[in-house]
Structure formats: C-alpha cells, structure tokens
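*Asks:* Quick one: the structure is below, and I'll ask about it shortly.
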Amino acid sequence: MNAHTTTLLVIGGGPGGYVAAIRAGQLGIPTTLIETGELGGTCLNVGCIPSKALIHAADEFEKVAHFADGSPLGISATAPKIDLARTTEWKNGIVKRLTGGVGALLKKNSVHVVKGFARIVDGKTVEVEREGQDPYRIGCEHMLIATGSYTFELPSMPFGGRVISATEALSPSSVPGKLVVVGAGYIGLELGIAYRKLGAEVTVVEAQERILPAYDAELTQPVAASLKGLGITVKLGHSVLGLNDQGDAVRVRTASGEESELAADQVLVAVGRRPRTEGFGLEQLMLDMDGRFIRVDDQCRTSMRNVWAIGDVTGEPMLAHRAMAQGEMVAEIVSGKKRHFQPAAMPAVCFTDPEVVVVGETPREGYITASFPFAANGRSMTLESKDGFVRVVARRDDHRIVGWQAVGKSVSELSAAFSQSIEMGARLEDIAGTIHAHPTLGEAIQEAALRALGHALHI
C-alpha cells in the first residue's frame, strides 16, 4: 500500500478545510488535504455561491417583468423570457472560477491535495480510497476533521422524482408550474422566492407558526409582507405527511388534525442539515460528542490529542464564515501561535427579499434598543425600497453595542460594519459621532445609534 506522512492532515475541502490548509501552507506546515468531491465543498459548489447566483438571475428576470407592466421610472420592456440552460451555464462558470481559484491557492502554498474518500484508521492514520487506484495510507501528527454537513431528508418524503433538495433546485432544467417548498427557514424561502420570480406558483409549508422561526417576529414581518406581495402562499402550523398516492400532491395536516393536499409539480424539501459524522470511520476515535455533533473546546480541539474539528460538524451556527475562521485559527495553533475562538460577533444573513441580517444580541429587557426605518432613508427610496429598518441593541450602563439587526434591500452589505463595531467594543456615541456617507443605506446605522441616544435627526 502506498503511504506518506504529513504534519497536518485535513479531511474535507470545504470553506473550513481549504482555509485551514491554505493558512497552514503559508505558515510552512507540511499539509495534506483530502476531498472526495470538488474543492470548495457545499458552499462553493451547491450552496452559498450558486444559490446567490440563481437569486440574482431571478431578481433580474423579475425586474424586467416589472418593467413590462409599466414602471414609475419611465422604463418599458416587452415580456421577458429566460433560457435556464444559459443561466445554469453562467452560474456554473462562477463556481468553476472560484473552485479553480481554491485549487490554485492550495498549490501556491504547497498543500498536497488528494482526491478520494478518507476513512479514519486511528488518530494518526487515514486510508484514502481512490477510484481505479490502490488504497493510499496517510500518517499525520495532527488531524483536522472538516467534513461539513448534508441535507436532511424527510422519512415520509425521500429525495427522488418530484422531490428534490436544494442541490437539484440550483440547476433547474425548467420552471415547475407548481412548487411546494417544505420548510420556511432561510434556504426554503431564498429558493422559494427565486422560483416565484421565475414564474412558478409557490406554496411554502412550515410546521411552526411563523416564517424564519430562528429570527424574531418584528424582523421577519417585512419578509412575510413581501411573500404576500409576490403571491407566495404560506401554510404555517402545517406538518407534511408525504405525497399522495398519485404522487402529484403533498399531503399536509394542521395542528387540529385537518388534512388537505397541495398540488405539486415539484417539491423542494428544505428542513435543515445534519453534520457529516458517519461513514468515514469517525467512531474509531471514540470522541466526545454533543448529540450528533463533535464536541470541541474554544480552540476546536476534540477529546483526542491533536485531533481537531471545525465547521458544521461541530454544531451551530452552520455558517461558512464560522468554519473559515475556525480553520485559520487551528492552522495557527498547530504552528505554535496562541489563539482561541471567542468571536464577539458572528453575522448571519438571510438572502430573502428583503434580506435579513442578525449580529450579536437581540432586544431584551435591560438593554437599550432603537430602530431606524428605511422609509426615512434617501438611498433606500432611490432603490425603490422603503420597507425594513436597522436596529441597534446596546448596554444601558455604558452604551456598549452588543447587537445589530436589519431587514431591507441589500442589507447583507451592512453586516461587516455591524460585526466590526461589536468586535471593537464601540459605544452608541462612537457610531453616532462617525460621519457616514450620504446618500447610503449605512446612514441608517448612524441614525439608529442617534435614536438610541434620544436625538435621531431624520425621524
């Protein structure tokens, strides 16, 4: 059996794994990365990047359709058509450029990339199964598990035929006449809105009593209003029983036991993700677990010496940027640097229409909370968007900012300012006294801080 040894062995080439490998290479650590699929993992290939590309295409298509009906801007257009094959080709081109870039960066930093399926033998050894080749054994001093997560499948509605996951939804060959989306979390709503803008009749089914249940009701209300305006039907408090006998409708049931059927040409199941902890010999290590997740400390160390874990496999929040930050940290610790994963803020963004951003603490008793509406923001008006707001949360005693939330058009781009202010320990006075460019959406940040201090200027 062929074999080689390395200092750091990374299992998984997603955002966390490839960032860890690149940083380790920069630090001069002999590093090997094993990936069974394409570099970039779920995020680059079938998640974050392609979903945003599809969302953008749907937005542009809907914009032209809006002009076809007449626009106050004085723009007119004929009824638009979309060539989904070309759209998919464009989206795939973006993915290819990004994944190719990751490969080039790994090579530049002398990371040895092995394409194959990793199977853990023990805490120092991994065997790699490679198509058409002999097994390959790799010994290591440090092992980093970055295997990510996978789409959860409903037992009553397994994937196949009309039932698809987000992966298939990102490469449509046609737009279904009737799409039923199971799950009103961020994935279900992002894709449901995109498909509605492309022309599908969309119905969203959610077991809980409101959409985006991970966010507070005030923050999600503008999204709920947008869904109604787009003509998306939302069935809250409904559980899914499966397809009917003919396979052309989804059977649902209310909390009171009333059953009905929702006609469906296609069903998108988006009810969450599970950590990838099975099928590659993880049990050989007998690590401490937190339910399905690998338990780690604030340095991403597992219960076994020199075995590390990062990203989705270690628990919530399942965010690519969390995995990246953890991966960079682990590489630096292995190199001898002193690091801990103790972020003061970690942004979460929902790319619905309108977008939602949450960073840090949400409003609660004992904090100062203030909002500034985009209806009073000049830049928002010029973008034909007046819904939504920016909200700040700060400590009452010293006015230190502990949280930001926003909902509105393009608010994802405000997330960096939100996170930075919390990481740097900014107070309300710091943000209120910072000159913000006019006219920008960012002015709402300053106005929210001013309002929290009792003297907003434009409301």
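Following the order of the structure tokens, chains are lettered A, B, ..., residues in each are numbered from 1, and ligands are numbered from 1.
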If we count only C-alpha atoms, what is near stretch 418-434 of chain A at a cut-off of 10 Å, once residues fewer than 2 positions away on the same chain are taken out, given as a ChimeraX atom specification?
*Replies:* /A:343-347,357-360,368,392-395,398-406,413-416,436-437,443,445-453,455-456
*Asks:* Let me see the file: selected residues, N, CA and C atoms, as a CSV table (one decimal), in the first residue's frame.
*Replies:*
```csv
chain,number,residue,atom,x,y,z
A,343,PRO,N,-15.2,34.8,19.2
A,343,PRO,CA,-15.7,36.0,18.5
A,343,PRO,C,-16.7,36.7,19.3
A,344,ALA,N,-16.6,38.1,19.3
A,344,ALA,CA,-17.6,38.9,19.9
A,344,ALA,C,-18.9,39.0,19.1
A,345,ALA,N,-18.8,38.7,17.8
A,345,ALA,CA,-19.9,38.8,16.9
A,345,ALA,C,-19.7,37.9,15.7
A,346,MET,N,-20.8,37.3,15.3
A,346,MET,CA,-20.8,36.4,14.1
A,346,MET,C,-22.0,36.7,13.3
A,347,PRO,N,-21.9,37.3,12.2
A,347,PRO,CA,-23.1,37.7,11.4
A,347,PRO,C,-23.8,36.5,10.7
A,357,VAL,N,-30.3,40.5,8.3
A,357,VAL,CA,-29.0,40.3,8.9
A,357,VAL,C,-29.2,40.4,10.4
A,358,VAL,N,-28.5,39.4,11.1
A,358,VAL,CA,-28.5,39.4,12.6
A,358,VAL,C,-27.1,39.2,13.0
A,359,VAL,N,-26.7,40.1,13.9
A,359,VAL,CA,-25.3,40.1,14.5
A,359,VAL,C,-25.5,40.3,16.0
A,360,GLY,N,-25.0,39.4,16.8
A,360,GLY,CA,-24.9,39.6,18.3
A,360,GLY,C,-26.3,39.5,18.9
A,368,ILE,N,-30.8,48.9,25.8
A,368,ILE,CA,-31.4,50.0,25.0
A,368,ILE,C,-31.6,49.4,23.6
A,392,VAL,N,-30.5,48.6,16.6
A,392,VAL,CA,-29.3,48.5,17.4
A,392,VAL,C,-29.7,48.1,18.8
A,393,VAL,N,-28.8,47.3,19.4
A,393,VAL,CA,-29.0,46.9,20.8
A,393,VAL,C,-27.8,47.2,21.6
A,394,ALA,N,-27.9,47.9,22.7
A,394,ALA,CA,-26.7,48.3,23.5
A,394,ALA,C,-27.0,48.2,25.0
A,395,ARG,N,-25.9,48.1,25.7
A,395,ARG,CA,-26.0,48.0,27.2
A,395,ARG,C,-26.4,49.4,27.7
A,398,ASP,N,-23.2,51.4,30.0
A,398,ASP,CA,-22.1,52.1,29.3
A,398,ASP,C,-22.3,52.4,27.8
A,399,HIS,N,-23.5,52.0,27.3
A,399,HIS,CA,-23.9,52.2,25.9
A,399,HIS,C,-23.0,51.4,24.9
A,400,ARG,N,-22.3,50.3,25.4
A,400,ARG,CA,-21.6,49.5,24.5
A,400,ARG,C,-22.5,48.7,23.7
A,401,ILE,N,-22.3,48.6,22.4
A,401,ILE,CA,-23.2,48.0,21.4
A,401,ILE,C,-22.9,46.5,21.5
A,402,VAL,N,-24.0,45.7,21.6
A,402,VAL,CA,-23.9,44.2,21.7
A,402,VAL,C,-24.7,43.5,20.6
A,403,GLY,N,-25.4,44.3,19.8
A,403,GLY,CA,-26.2,43.6,18.7
A,403,GLY,C,-26.7,44.6,17.7
A,404,TRP,N,-26.8,44.1,16.4
A,404,TRP,CA,-27.4,44.8,15.3
A,404,TRP,C,-28.3,43.8,14.6
A,405,GLN,N,-29.4,44.3,14.1
A,405,GLN,CA,-30.3,43.6,13.2
A,405,GLN,C,-30.8,44.5,12.1
A,406,ALA,N,-31.0,44.0,10.9
A,406,ALA,CA,-31.5,44.8,9.8
A,406,ALA,C,-32.3,43.9,8.9
A,413,GLU,N,-24.9,43.8,2.9
A,413,GLU,CA,-23.6,44.5,2.8
A,413,GLU,C,-23.4,45.4,4.1
A,414,LEU,N,-24.3,45.5,5.0
A,414,LEU,CA,-24.1,46.2,6.2
A,414,LEU,C,-23.5,45.3,7.3
A,415,SER,N,-23.5,44.0,7.0
A,415,SER,CA,-23.1,43.1,8.1
A,415,SER,C,-21.6,43.3,8.6
A,416,ALA,N,-20.8,43.7,7.7
A,416,ALA,CA,-19.4,43.9,8.1
A,416,ALA,C,-19.3,45.1,9.1
A,436,HIS,N,-21.1,59.3,8.3
A,436,HIS,CA,-21.5,58.2,7.3
A,436,HIS,C,-21.8,58.9,6.0
A,437,ALA,N,-21.3,58.3,4.9
A,437,ALA,CA,-21.5,58.9,3.6
A,437,ALA,C,-23.0,59.0,3.2
A,443,GLU,N,-26.3,55.1,6.4
A,443,GLU,CA,-26.7,56.2,7.2
A,443,GLU,C,-27.8,55.8,8.3
A,445,ILE,N,-27.5,53.2,10.0
A,445,ILE,CA,-26.8,52.7,11.1
A,445,ILE,C,-26.5,53.8,12.1
A,446,GLN,N,-26.0,55.0,11.6
A,446,GLN,CA,-25.8,56.1,12.4
A,446,GLN,C,-27.1,56.6,13.0
A,447,GLU,N,-28.2,56.7,12.2
A,447,GLU,CA,-29.5,57.2,12.7
A,447,GLU,C,-30.0,56.3,13.8
A,448,ALA,N,-29.8,55.0,13.7
A,448,ALA,CA,-30.3,54.1,14.8
A,448,ALA,C,-29.6,54.4,16.1
A,449,ALA,N,-28.2,54.6,16.0
A,449,ALA,CA,-27.5,54.9,17.2
A,449,ALA,C,-27.9,56.2,17.8
A,450,LEU,N,-28.1,57.2,16.9
A,450,LEU,CA,-28.6,58.5,17.4
A,450,LEU,C,-30.0,58.4,18.0
A,451,ARG,N,-30.8,57.6,17.5
A,451,ARG,CA,-32.1,57.4,18.1
A,451,ARG,C,-32.1,56.7,19.4
A,452,ALA,N,-31.1,55.8,19.6
A,452,ALA,CA,-30.9,55.1,20.9
A,452,ALA,C,-30.5,56.2,21.9
A,453,LEU,N,-29.8,57.2,21.5
A,453,LEU,CA,-29.3,58.2,22.4
A,453,LEU,C,-30.3,59.3,22.6
A,455,HIS,N,-31.7,61.4,20.0
A,455,HIS,CA,-31.8,62.5,19.2
A,455,HIS,C,-31.5,62.2,17.7
A,456,ALA,N,-32.3,61.3,17.2
A,456,ALA,CA,-32.2,61.0,15.7
A,456,ALA,C,-32.5,62.2,15.0
```
*Asks:* I'd like a table as CSV: residues in stretch 46-141 of chain A with an atom no more than 12 Å from stretch 319-337 of chain A, each row giving the shortest atom pair and its distance in Å to one decimal, only C-alpha atoms counted, sorted by chain and rising residue number.
*Replies:*
```
residue,atom,partner,partner_atom,distance
A:Gly47,CA,A:Ala320,CA,9.9
A:Cys48,CA,A:Ala320,CA,8.4
A:Ile49,CA,A:Ala320,CA,10.9
A:Glu141,CA,A:Val334,CA,9.8
```
*Asks:* I'd like the interatomic distance between atom CA of A:Glu278 and atom CA of A:Leu44, to a tenth of an Å.
*Replies:*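 Result for atom CA of A:Glu278 versus atom CA of A:Leu44: 22.4 Å, one decimal.
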*Asks:* Hey, which of A:Ala184, A:Leu9, A:Ile193, A:Val296 ends up closest to A:His56? Count only C-alpha atoms.
*Replies:*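 Ranked by minimum distance to A:His56, first place goes to A:Ile193.
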*Asks:* Which distance in Å separates atom CA of A:Leu285 and atom CA of A:Thr147, to one decimal?
*Replies:* 15.0 Å
*Asks:* If you run DSSP on the backbone here, which positions in stretch 314-376 of chain A get alpha helix (DSSP H)? Please write them as a list in words.
*Replies:*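 Matching residues for alpha helix (DSSP H) in stretch 314-376 of chain A are Ala320, His321, Arg322, Ala323, Met324, Ala325, Gln326, Gly327, Glu328, Met329, Val330, Ala331, Glu332, Ile333 and Val334 of chain A.
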*Asks:* Could you pull out all residues of stretch 93-164 of chain A with a DSSP call of strand (DSSP E) and give them as a VMD selection string?
*Replies:* chain A and resid 112 to 115 117 to 122 125 to 129 136 to 145 149 to 151 163 to 164
